[in-house]
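Shown next: run36.cif, containing mmCIF, C-alpha atoms.
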```
data_protein
#
loop_
_atom_site.label_atom_id
_atom_site.label_comp_id
_atom_site.auth_asym_id
_atom_site.auth_seq_id
_atom_site.Cartn_x
_atom_site.Cartn_y
_atom_site.Cartn_z
CA MET A 1 85.67 82.51 55.05
CA SER A 2 86.57 86.00 54.03
CA ILE A 3 86.77 88.21 57.10
CA LYS A 4 88.35 90.82 54.87
CA HIS A 5 85.29 91.17 52.66
CA GLY A 6 82.95 90.93 55.61
CA LEU A 7 84.58 93.94 57.22
CA LEU A 8 84.59 95.89 53.94
CA ALA A 9 80.86 95.21 53.58
CA LEU A 10 80.14 96.51 57.08
CA LEU A 11 82.21 99.65 56.40
CA ARG A 12 80.39 100.42 53.16
CA THR A 13 77.99 102.98 54.64
CA GLU A 14 80.00 104.63 57.40
CA ALA A 15 83.24 104.65 59.37
CA LYS A 16 83.31 102.29 62.34
CA TYR A 17 85.47 101.11 65.23
CA GLY A 18 86.93 97.62 65.30
CA TYR A 19 84.76 96.45 68.18
CA GLN A 20 81.67 97.74 66.35
CA LEU A 21 82.62 95.71 63.29
CA ARG A 22 83.03 92.60 65.38
CA GLY A 23 79.58 93.01 66.95
CA GLU A 24 77.87 93.71 63.63
CA PHE A 25 79.59 90.82 61.90
CA GLU A 26 78.37 88.41 64.55
CA ALA A 27 74.86 89.88 64.51
CA ALA A 28 74.61 89.41 60.74
CA THR A 29 75.86 85.83 60.71
CA GLY A 30 74.23 84.68 63.94
CA ALA A 31 77.62 84.18 65.59
CA THR A 32 78.29 81.27 63.23
CA TRP A 33 81.82 82.54 62.77
CA PRO A 34 82.82 84.15 66.05
CA LEU A 35 85.59 86.67 65.52
CA ASN A 36 88.00 87.70 68.22
CA ILE A 37 88.90 91.32 68.39
CA GLY A 38 92.54 90.53 67.54
CA GLN A 39 91.45 89.03 64.19
CA VAL A 40 89.45 92.17 63.46
CA TYR A 41 92.37 94.51 64.11
CA THR A 42 94.86 92.28 62.26
CA THR A 43 92.55 92.25 59.25
CA LEU A 44 92.00 96.01 59.44
CA THR A 45 95.76 96.55 59.53
CA ARG A 46 96.18 94.44 56.37
CA LEU A 47 93.29 96.21 54.66
CA GLU A 48 94.91 99.55 55.51
CA ARG A 49 98.27 98.38 54.18
CA ASP A 50 96.56 97.36 50.91
CA GLY A 51 94.79 100.72 50.67
CA LEU A 52 91.29 99.26 50.99
CA VAL A 53 90.48 101.06 54.24
CA ALA A 54 91.96 104.12 55.95
CA ALA A 55 91.89 105.50 59.48
CA ALA A 56 89.05 108.01 59.59
CA PRO A 57 90.09 111.57 60.31
CA GLY A 58 88.99 112.93 63.65
CA GLU A 59 89.28 111.91 67.25
CA GLY A 60 89.56 108.33 68.52
CA ASP A 61 87.35 106.76 71.16
CA GLY A 62 89.49 107.97 74.04
CA ASP A 63 91.41 104.68 74.33
CA GLY A 64 93.51 105.60 71.31
CA ARG A 65 91.49 103.46 68.89
CA SER A 66 90.52 105.13 65.68
CA MET A 67 87.64 104.58 63.33
CA TYR A 68 88.16 103.05 59.92
CA GLU A 69 86.53 104.01 56.67
CA ILE A 70 86.42 102.29 53.29
CA THR A 71 88.45 103.72 50.38
CA ASP A 72 87.45 103.81 46.69
CA ALA A 73 89.73 100.83 46.07
CA GLY A 74 87.96 99.08 48.95
CA ARG A 75 84.56 99.76 47.37
CA ALA A 76 85.74 98.35 44.07
CA GLU A 77 87.07 95.24 45.83
CA LEU A 78 83.75 94.79 47.66
CA THR A 79 81.66 95.20 44.51
CA ASN A 80 83.86 92.66 42.78
CA TRP A 81 83.39 90.23 45.70
CA PHE A 82 79.60 90.44 45.59
CA GLU A 83 79.61 90.03 41.81
CA THR A 84 81.89 86.98 41.72
CA PRO A 85 80.40 83.57 42.53
CA VAL A 86 82.22 81.51 45.14
CA THR A 87 83.82 78.57 43.38
CA ARG A 88 83.81 75.06 44.79
CA GLU A 89 87.60 74.98 44.48
CA SER A 90 88.03 77.97 46.74
CA ARG A 91 86.62 76.03 49.68
CA PRO A 92 88.76 73.89 51.95
CA ARG A 93 89.42 70.33 50.79
CA ASP A 94 86.70 67.92 51.77
CA GLU A 95 88.21 65.89 54.59
CA LEU A 96 85.28 63.49 54.67
CA ALA A 97 85.52 62.53 51.00
CA ILE A 98 89.26 62.03 51.40
CA LYS A 99 88.71 59.95 54.54
CA LEU A 100 86.25 57.64 52.74
CA ALA A 101 88.50 57.31 49.71
CA LEU A 102 91.41 56.35 51.93
CA ALA A 103 89.26 53.97 53.98
CA LEU A 104 88.51 52.15 50.72
CA ALA A 105 92.11 52.20 49.54
CA VAL A 106 93.61 50.90 52.78
CA PRO A 107 92.81 47.30 53.73
CA GLY A 108 91.32 46.55 57.13
CA VAL A 109 89.04 49.56 57.48
CA ASN A 110 85.30 48.97 57.86
CA VAL A 111 84.12 51.63 55.43
CA THR A 112 80.43 51.02 56.10
CA ALA A 113 81.02 51.66 59.80
CA VAL A 114 82.80 54.90 58.93
CA VAL A 115 79.77 55.92 56.85
CA HIS A 116 77.33 55.01 59.65
CA ARG A 117 79.24 56.93 62.30
CA GLN A 118 79.50 59.97 60.07
CA ARG A 119 75.80 59.88 59.22
CA THR A 120 74.86 59.65 62.89
CA SER A 121 77.11 62.60 63.68
CA THR A 122 75.85 64.71 60.76
CA MET A 123 72.24 63.87 61.64
CA GLN A 124 72.83 65.06 65.19
CA ALA A 125 74.19 68.31 63.80
CA LEU A 126 71.14 68.59 61.52
CA GLN A 127 68.82 68.01 64.49
CA GLU A 128 70.58 70.76 66.40
CA LEU A 129 70.31 73.15 63.43
CA THR A 130 66.62 72.32 63.07
CA ARG A 131 66.11 73.06 66.76
CA LEU A 132 67.81 76.45 66.27
CA LYS A 133 65.62 77.08 63.24
CA ARG A 134 62.47 76.44 65.25
CA GLN A 135 63.67 78.82 67.95
CA SER A 136 64.56 81.57 65.51
CA ALA A 137 61.42 81.47 63.37
CA ASP A 138 60.90 85.18 64.09
CA GLY A 139 64.58 86.09 64.14
CA GLU A 140 66.80 88.11 61.79
CA ILE A 141 66.49 87.07 58.16
CA SER A 142 70.29 87.19 57.72
CA TRP A 143 70.78 84.66 60.51
CA ARG A 144 67.99 82.43 59.19
CA LEU A 145 69.62 82.40 55.75
CA VAL A 146 72.94 81.35 57.24
CA LEU A 147 71.16 78.66 59.25
CA GLU A 148 69.42 77.34 56.12
CA SER A 149 72.78 77.21 54.36
CA MET A 150 74.10 74.94 57.09
CA ILE A 151 70.90 72.85 57.03
CA PHE A 152 71.17 72.35 53.26
CA ALA A 153 74.85 71.41 53.61
CA ALA A 154 74.13 68.84 56.35
CA GLU A 155 71.20 67.44 54.37
CA ALA A 156 73.36 67.10 51.25
CA GLU A 157 76.07 65.34 53.24
CA ILE A 158 73.56 62.82 54.61
CA ARG A 159 72.17 62.18 51.12
CA TRP A 160 75.68 61.69 49.83
CA LEU A 161 76.45 59.27 52.70
CA ASP A 162 73.28 57.28 51.90
CA HIS A 163 74.44 57.17 48.30
CA CYS A 164 77.91 55.99 49.41
CA GLU A 165 76.36 53.24 51.52
CA ALA A 166 74.25 52.02 48.59
CA MET A 167 77.27 52.12 46.27
CA LEU A 168 79.41 50.23 48.78
CA SER A 169 76.70 47.64 49.27
CA ARG A 170 76.41 47.03 45.50
CA HIS A 171 80.20 47.00 45.17
CA GLN A 172 80.62 44.44 47.97
CA LYS A 173 77.94 42.18 46.45
CA SER A 174 79.61 42.28 43.05
CA GLN A 175 83.06 41.42 44.45
CA PRO A 176 84.00 37.72 44.71
CA PRO A 177 84.85 36.66 48.30
CA LYS A 178 88.45 37.50 49.02
CA ALA A 179 90.89 34.62 49.42
CA GLY A 180 93.87 35.24 51.68
CA THR A 181 95.30 38.68 52.27
CA PRO A 182 94.40 41.64 50.09
CA LYS A 183 96.79 42.34 47.26
CA GLN A 184 99.14 45.27 47.51
CA GLN A 185 97.90 46.83 44.28
CA ASN A 186 94.29 46.70 45.29
CA THR A 187 92.42 48.63 42.63
CA THR A 188 89.05 49.85 43.73
CA PRO A 189 86.49 50.42 41.02
CA GLY A 190 84.27 53.42 41.51
CA VAL A 191 86.94 55.48 43.23
CA ARG A 192 88.92 57.80 41.03
CA ARG A 193 92.19 59.13 42.22
CA MET B 1 59.49 57.87 81.32
CA ASN B 2 56.04 56.90 80.13
CA VAL B 3 56.59 54.49 77.26
CA ILE B 4 53.68 54.43 74.81
CA LEU B 5 55.11 52.17 72.12
CA ASP B 6 57.44 49.37 73.11
CA ILE B 7 58.71 47.05 70.40
CA ARG B 8 60.85 44.13 71.57
CA ASN B 9 62.89 41.85 69.37
CA LEU B 10 60.43 42.22 66.51
CA THR B 11 60.84 39.93 63.53
CA ARG B 12 58.57 39.89 60.51
CA GLN B 13 59.11 37.25 57.91
CA HIS B 14 57.17 36.90 54.67
CA GLY B 15 56.97 33.37 53.30
CA THR B 16 58.77 30.33 54.70
CA GLY B 17 61.76 28.10 53.96
CA ASP B 18 63.93 29.10 51.03
CA GLN B 19 61.36 31.65 49.97
CA ALA B 20 61.44 33.45 53.32
CA VAL B 21 62.08 37.18 53.20
CA HIS B 22 62.96 38.89 56.45
CA ALA B 23 61.34 42.30 56.42
CA LEU B 24 62.43 42.95 60.02
CA ARG B 25 64.95 41.15 62.18
CA GLY B 26 65.23 41.61 65.95
CA VAL B 27 64.13 45.24 66.07
CA ASP B 28 63.87 46.96 69.47
CA LEU B 29 62.31 50.40 69.68
CA SER B 30 60.65 52.36 72.48
CA VAL B 31 58.84 55.63 72.04
CA ALA B 32 57.85 57.65 75.12
CA ALA B 33 54.97 60.05 75.53
CA GLY B 34 55.92 63.40 74.01
CA GLU B 35 58.67 61.89 71.93
CA LEU B 36 58.95 61.98 68.14
CA VAL B 37 61.12 59.28 66.58
CA ALA B 38 62.03 59.26 62.90
CA VAL B 39 62.74 56.02 61.06
CA MET B 40 65.01 56.31 58.02
CA GLY B 41 66.34 53.78 55.57
CA PRO B 42 66.48 52.92 51.87
CA SER B 43 63.40 51.49 50.19
CA GLY B 44 62.88 47.87 51.12
CA SER B 45 64.65 48.33 54.47
CA GLY B 46 61.50 47.50 56.45
CA LYS B 47 60.39 51.02 57.45
CA SER B 48 56.77 50.65 56.45
CA THR B 49 56.55 47.10 57.83
CA LEU B 50 57.74 48.44 61.17
CA LEU B 51 55.01 51.06 61.09
CA THR B 52 52.21 48.65 60.14
CA CYS B 53 53.29 46.23 62.88
CA ALA B 54 53.46 49.09 65.42
CA GLY B 55 49.95 50.09 64.46
CA GLY B 56 48.52 46.58 64.81
CA LEU B 57 47.81 46.38 61.05
CA ASP B 58 50.24 43.51 60.58
CA GLN B 59 51.29 40.72 62.96
CA PRO B 60 54.92 40.04 63.82
CA THR B 61 56.39 36.60 63.17
CA SER B 62 58.00 36.84 66.60
CA GLY B 63 58.67 39.48 69.22
CA GLU B 64 56.38 41.73 71.23
CA ILE B 65 54.57 44.98 70.58
CA LEU B 66 53.15 46.85 73.56
CA ILE B 67 50.98 49.91 73.13
CA ASP B 68 50.29 51.82 76.32
CA GLY B 69 51.23 48.64 78.19
CA ASN B 70 48.93 46.35 76.19
CA ASP B 71 50.68 43.43 74.53
CA LEU B 72 48.97 43.20 71.14
CA ALA B 73 49.53 39.43 70.95
CA THR B 74 47.46 38.85 74.10
CA LEU B 75 44.50 40.90 72.88
CA SER B 76 41.59 39.55 70.86
CA ARG B 77 41.20 40.66 67.29
CA ASN B 78 38.35 42.94 68.32
CA ALA B 79 40.36 44.43 71.16
CA VAL B 80 43.24 45.23 68.79
CA ALA B 81 40.80 46.82 66.37
CA ALA B 82 39.32 48.92 69.18
CA LEU B 83 42.81 49.99 70.32
CA ARG B 84 43.59 50.99 66.74
CA ARG B 85 40.46 53.07 66.41
CA ARG B 86 40.78 54.81 69.78
CA ARG B 87 44.45 55.15 70.58
CA ILE B 88 46.38 55.15 67.31
CA GLY B 89 46.35 57.72 64.54
CA TYR B 90 47.76 57.13 61.05
CA VAL B 91 48.97 59.65 58.51
CA PHE B 92 49.91 58.52 55.00
CA GLN B 93 51.72 60.13 52.10
CA ASP B 94 48.61 60.12 49.90
CA PHE B 95 46.30 61.34 52.70
CA ASN B 96 43.67 58.57 52.18
CA LEU B 97 40.72 60.91 52.60
CA ILE B 98 37.30 59.83 51.37
CA PRO B 99 36.40 62.17 48.48
CA ALA B 100 32.62 61.94 49.07
CA LEU B 101 32.94 63.19 52.67
CA THR B 102 33.67 66.72 53.86
CA ALA B 103 36.73 67.48 55.99
CA ALA B 104 34.72 67.28 59.22
CA GLU B 105 33.03 64.03 58.13
CA ASN B 106 36.39 62.49 57.26
CA VAL B 107 37.78 63.45 60.66
CA ALA B 108 34.68 62.24 62.53
CA LEU B 109 34.61 58.90 60.71
CA PRO B 110 36.90 56.86 63.03
CA LEU B 111 34.90 58.03 66.06
CA GLU B 112 31.58 57.17 64.42
CA LEU B 113 32.91 53.75 63.41
CA ASP B 114 33.77 53.29 67.06
CA GLY B 115 30.16 53.99 68.11
CA THR B 116 30.40 57.65 69.06
CA ARG B 117 27.14 59.49 68.33
CA ALA B 118 27.28 61.64 65.21
CA ARG B 119 26.81 64.97 66.99
CA THR B 120 29.52 64.23 69.53
CA ALA B 121 31.87 62.97 66.82
CA ARG B 122 31.25 66.18 64.86
CA LYS B 123 32.23 68.28 67.88
CA TYR B 124 35.47 66.35 68.32
CA ALA B 125 36.15 66.66 64.59
CA GLU B 126 35.70 70.43 64.68
CA ALA B 127 38.04 70.66 67.68
CA ALA B 128 40.67 68.62 65.81
CA LEU B 129 40.35 70.82 62.70
CA LEU B 130 40.83 73.85 64.92
CA GLU B 131 44.00 72.32 66.32
CA VAL B 132 45.46 71.89 62.85
CA ALA B 133 44.44 75.49 62.08
CA ILE B 134 41.84 74.86 59.35
CA PRO B 135 38.48 75.22 61.16
CA GLU B 136 37.09 77.12 58.16
CA LEU B 137 37.47 74.08 55.90
CA ALA B 138 35.13 71.83 57.92
CA ASN B 139 32.50 71.64 55.18
CA ARG B 140 34.85 71.52 52.23
CA PHE B 141 35.46 68.35 50.20
CA PRO B 142 39.01 67.01 49.72
CA ASP B 143 39.00 67.72 45.97
CA ASP B 144 38.52 71.42 46.71
CA MET B 145 41.62 71.63 48.90
CA SER B 146 45.36 72.03 48.35
CA GLY B 147 47.72 69.17 49.18
CA GLY B 148 48.82 70.86 52.39
CA GLN B 149 45.21 71.38 53.48
CA ARG B 150 44.37 67.74 52.77
CA GLN B 151 47.31 66.59 54.84
CA ARG B 152 46.10 68.79 57.69
CA VAL B 153 42.69 67.11 57.49
CA ALA B 154 44.44 63.73 57.55
CA ILE B 155 46.39 64.78 60.64
CA ALA B 156 43.21 66.04 62.30
CA ARG B 157 41.69 62.61 61.64
CA ALA B 158 44.78 60.99 63.16
CA ILE B 159 44.60 63.03 66.37
CA VAL B 160 40.82 63.24 66.86
CA GLY B 161 39.62 62.04 70.25
CA ASP B 162 42.15 60.64 72.70
CA ARG B 163 45.05 59.23 70.68
CA ARG B 164 48.30 58.23 72.32
CA LEU B 165 50.31 57.10 69.31
CA LEU B 166 50.68 58.88 65.97
CA LEU B 167 52.17 56.89 63.08
CA ALA B 168 53.14 58.81 59.97
CA ASP B 169 54.39 57.16 56.77
CA GLU B 170 56.12 59.72 54.51
CA PRO B 171 53.53 62.38 55.44
CA THR B 172 55.41 65.07 53.54
CA GLY B 173 56.14 63.01 50.43
CA ALA B 174 53.48 64.64 48.27
CA LEU B 175 54.02 68.18 49.53
CA ASP B 176 56.33 71.03 48.54
CA SER B 177 59.08 71.81 51.04
CA ASP B 178 57.41 74.74 52.85
CA THR B 179 54.12 72.88 53.25
CA GLY B 180 56.05 69.81 54.33
CA GLU B 181 57.84 71.78 57.03
CA ALA B 182 54.51 73.11 58.29
CA VAL B 183 53.26 69.52 58.61
CA LEU B 184 56.40 68.61 60.58
CA GLN B 185 55.83 71.59 62.84
CA LEU B 186 52.32 70.29 63.46
CA LEU B 187 53.48 66.76 64.30
CA ARG B 188 56.20 68.19 66.56
CA ASP B 189 53.66 70.35 68.41
CA ARG B 190 51.36 67.37 68.97
CA CYS B 191 54.18 65.52 70.67
CA ASP B 192 55.48 68.51 72.65
CA GLN B 193 52.17 69.88 73.83
CA HIS B 194 49.87 66.87 74.03
CA GLY B 195 52.25 64.13 75.09
CA ILE B 196 51.55 62.00 72.05
CA ALA B 197 54.20 59.48 71.01
CA GLY B 198 55.04 59.90 67.33
CA VAL B 199 56.78 57.69 64.80
CA LEU B 200 57.69 59.29 61.51
CA VAL B 201 58.89 57.22 58.56
CA THR B 202 60.77 59.36 56.06
CA HIS B 203 63.62 59.16 53.59
CA ASP B 204 64.20 62.89 53.94
CA ALA B 205 66.96 63.84 56.41
CA ARG B 206 65.69 67.41 56.61
CA HIS B 207 62.35 66.16 57.90
CA ALA B 208 63.80 63.44 60.11
CA ALA B 209 65.81 66.16 61.86
CA TRP B 210 62.61 67.42 63.49
CA ALA B 211 62.53 64.25 65.58
CA ASP B 212 64.07 63.74 69.03
CA ARG B 213 65.71 60.57 67.77
CA VAL B 214 66.47 59.24 64.32
CA VAL B 215 66.86 55.49 63.84
CA TYR B 216 68.19 53.81 60.70
CA LEU B 217 66.92 50.57 59.26
CA ARG B 218 68.90 48.59 56.76
CA ASP B 219 67.78 45.18 55.50
CA GLY B 220 65.35 44.90 58.39
CA VAL B 221 67.92 45.64 61.09
CA LEU B 222 68.37 48.82 63.12
CA VAL B 223 71.90 49.95 62.31
CA GLY B 224 72.18 53.09 64.36
CA GLN B 225 70.47 56.05 65.82
CA ALA B 226 71.09 59.73 66.29
CA GLY B 227 69.63 61.99 68.89
CA PRO B 228 70.55 64.50 71.55
CA LEU B 229 69.10 62.31 74.32
CA PRO B 230 71.74 60.77 76.59
CA GLU B 231 70.07 57.35 76.29
CA ALA B 232 70.66 57.40 72.56
CA ASP B 233 74.35 58.16 73.03
CA VAL B 234 74.72 55.27 75.46
CA LEU B 235 73.08 52.95 72.93
CA LEU B 236 75.44 54.16 70.25
CA GLU B 237 78.51 53.39 72.36
CA THR B 238 77.42 49.80 72.84
CA HIS B 239 76.77 49.11 69.16
#
```
So, in terms of structure tokens, how does the structure I just supplied come out?
Amino acid sequence: MSIKHGLLALLRTEAKYGYQLRGEFEAATGATWPLNIGQVYTTLTRLERDGLVAAAPGEGDGDGRSMYEITDAGRAELTNWFETPVTRESRPRDELAIKLALALAVPGVNVTAVVHRQRTSTMQALQELTRLKRQSADGEISWRLVLESMIFAAEAEIRWLDHCEAMLSRHQKSQPPKAGTPKQQNTTPGVRR
Amino acid sequence: MNVILDIRNLTRQHGTGDQAVHALRGVDLSVAAGELVAVMGPSGSGKSTLLTCAGGLDQPTSGEILIDGNDLATLSRNAVAALRRRRIGYVFQDFNLIPALTAAENVALPLELDGTRARTARKYAEAALLEVAIPELANRFPDDMSGGQRQRVAIARAIVGDRRLLLADEPTGALDSDTGEAVLQLLRDRCDQHGIAGVLVTHDARHAAWADRVVYLRDGVLVGQAGPLPEADVLLETH
């Protein structure tokens, strides 16, 4: 998640204080990514160092905090961010896929049980998101979009888990019953490493 | 908790001996008034068999099915049929409306079959169409309606009169996603506001997520369930 670009976007129209940015960021994303005020000021300091924002001229808010405004370089950076698609590779590694791959590679793990537990957990998350969606039917469009993004992601994960279960079931049926202990070099078809 | 549908150790076997196919094996499922339960599973997992058994349309090989406290096995064939007509509503993927009847006539049909006088049945039908927000379509024929409107008529038919149990088999399967969500909203409201017990068979996780509980069938066996209710969590721990 790019807090940096989020703050630049919120500064696009006018200079703002750090605490204002925090409030607006959470309002726009439905508090999906709660920011603490320390993160906001740390990010603003880095943005200032990189010349993307600058302290706004004029008086502070009385507590010594000053307003920040976006620079031309900051605007260019922001435009570039909106124009560049987010690549799959730029997201964090998928722990779940790695967990399933390892469960298959290591003997003694009930992979189907891992799939079932994960599906139950993801379904509970999807139920919770759906409940939020019903409650926010008249809410902010920005928040509803974020919510739908999470709903689509949970739905895709469940579909993928169903697919995994079907693949595992076919794989297990096609394997001859194992005699003795599993071999050390246990190659697992269907899983690329 | 007022349990409307109580399925105990249900087994349904097709054929005998070597040819026997177990559609369901030892399934337990309770659905309380006001509760919506989704049943998920791959094709051939026994979802639809579970629904037809729950609705008294198919008989279990063993096990018990209680609807509103009535054990279906102890009732006469006529009594089961009467229970089906009066207390259970069905919604199918392909709507199953009769093309030669208007929306109101389709909705009134189960009541008329049950001996309700035509004028009374018509009044109930109009009330049901109002509840699914299409009172203006009462005199329209199914062929002159959109898919979403037809499914609303089918739901009105399923809730007309005094139903306690609503059984829906892939009710959103033939609808686009927005229309499908509206149908889910409708089913959800019926359970929340009218204390109906609902069972929804679906392969779509997005739609199952509208339910209070989601149960999974695989090869005729319940393999898990998800839901925010504490009871569901306790069940999960013991599996």
- Message: List the spatial neighbours of B:Ala182 as a list in words - criterion: any atom at most 12 Å away, all atoms listed in the file, same-chain residues fewer than 5 positions off excluded.
- Response: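 After dropping sequence-adjacent residues, the list is Arg134 and Ala137 of chain A; Val132, Ala133, Gly148, Gln149, Gln151, Arg152, Ile155, Pro171, Thr172, Leu175, Asp176, Ser177, Leu187, Arg188, Asp189, His207 and Trp210 of chain B.
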Using the chain letters and numbers from this file, what does the PyMOL selection byres ((chain B) within 7 of (chain A)) select? Give the answer as a compact mmCIF listing (two decimals) with C-alpha atoms, keeping the file's coordinate frame.
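Listed below is the output, result30.txt:
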```
# COMPACT_ATOMS: atom_id res chain seq x y z
CA ALA B 205 66.96 63.84 56.41
CA ARG B 206 65.69 67.41 56.61
CA ALA B 209 65.81 66.16 61.86
CA TRP B 210 62.61 67.42 63.49
CA GLN B 225 70.47 56.05 65.82
CA ALA B 226 71.09 59.73 66.29
CA GLY B 227 69.63 61.99 68.89
CA PRO B 228 70.55 64.50 71.55
```
- Between A:Leu145, A:Gln175, A:Leu11, A:Ser136, which has the minimum distance to A:Leu78 (counting all atoms listed in the file)?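 Using all atoms listed in the file, the shortest distance to A:Leu78 belongs to A:Leu11.
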Selection under test: the PyMOL selection byres ((chain A and resi 17) around 12); residues as a CSV table (one decimal) with C-alpha atoms, keeping the file's coordinate frame:
```
chain,number,residue,atom,x,y,z
A,7,LEU,CA,84.6,93.9,57.2
A,10,LEU,CA,80.1,96.5,57.1
A,11,LEU,CA,82.2,99.6,56.4
A,14,GLU,CA,80.0,104.6,57.4
A,15,ALA,CA,83.2,104.6,59.4
A,16,LYS,CA,83.3,102.3,62.3
A,18,GLY,CA,86.9,97.6,65.3
A,19,TYR,CA,84.8,96.4,68.2
A,20,GLN,CA,81.7,97.7,66.4
A,21,LEU,CA,82.6,95.7,63.3
A,22,ARG,CA,83.0,92.6,65.4
A,23,GLY,CA,79.6,93.0,67.0
A,24,GLU,CA,77.9,93.7,63.6
A,37,ILE,CA,88.9,91.3,68.4
A,40,VAL,CA,89.4,92.2,63.5
A,41,TYR,CA,92.4,94.5,64.1
A,44,LEU,CA,92.0,96.0,59.4
A,54,ALA,CA,92.0,104.1,56.0
A,55,ALA,CA,91.9,105.5,59.5
A,56,ALA,CA,89.0,108.0,59.6
A,59,GLU,CA,89.3,111.9,67.2
A,60,GLY,CA,89.6,108.3,68.5
A,61,ASP,CA,87.4,106.8,71.2
A,62,GLY,CA,89.5,108.0,74.0
A,63,ASP,CA,91.4,104.7,74.3
A,64,GLY,CA,93.5,105.6,71.3
A,65,ARG,CA,91.5,103.5,68.9
A,66,SER,CA,90.5,105.1,65.7
A,67,MET,CA,87.6,104.6,63.3
A,68,TYR,CA,88.2,103.0,59.9
A,69,GLU,CA,86.5,104.0,56.7
```
- Item | Pairwise distance for atom CA of B:Ile67 and atom CA of B:Arg119, rounded to one decimal in Å |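 Distance reported for this atom pair: 29.1 Å.
Atom CA of B:Ala118 lies 29.0 Å from atom CA of B:Ile4.
For B:Asn2, the residues within 9 Å (counting all atoms listed in the file, excluding itself and residues fewer than 5 positions away along the chain) are Val31, Ala32, Ala33, Gly34 and Asp68 of chain B.
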- 9 Å contact set for B:Ala81, all atoms listed in the file, chain neighbours under 4 positions out, as a list in words: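 With the cut-off at 9 Å, the set is Gly56, Leu57, Ser76, Arg77, Arg85 and Arg86 of chain B.
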- Excluding B:Gly89 and residues on its chain fewer than 2 positions from it, collect all residues at most 12 Å away from it, counting only C-alpha atoms, and give them as number ranges by chain. B: 51-52, 54-57, 83-87, 91-92, 107, 110-111, 154-169, 187, 190, 196-200
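Every protein or nucleic acid residue with an atom no more than 9 Å from B:Ser30, counting all atoms listed in the file and leaving out same-chain residues fewer than 5 positions away, appears here: Val3, Ile4, Leu5, Asp6, Ile7 and Arg8 of chain B.
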- Task: Report the distance between atom CA of A:His171 and atom CA of A:Val109 in Å, rounded to one decimal place.
- Result: 15.4 Å
- Item | B:Leu36, B:Leu129, B:Tyr124, B:Val223 ranked by distance to B:Leu184, top pick (using all atoms listed in the file) |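 Nearest candidate to B:Leu184 out of B:Leu36, B:Leu129, B:Tyr124, B:Val223: B:Leu36.
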- Item | Resolved residues for the PyMOL selection byres ((chain A and resi 71) around 10) as a list of chain:residue names |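 So the PyMOL selection byres ((chain A and resi 71) around 10) ends up selecting A:Leu8, A:Leu11, A:Arg12, A:Leu47, A:Glu48, A:Gly51, A:Leu52, A:Val53, A:Ala54, A:Ala55, A:Tyr68, A:Glu69, A:Ile70, A:Asp72, A:Ala73, A:Gly74, A:Arg75, A:Ala76, A:Glu77.
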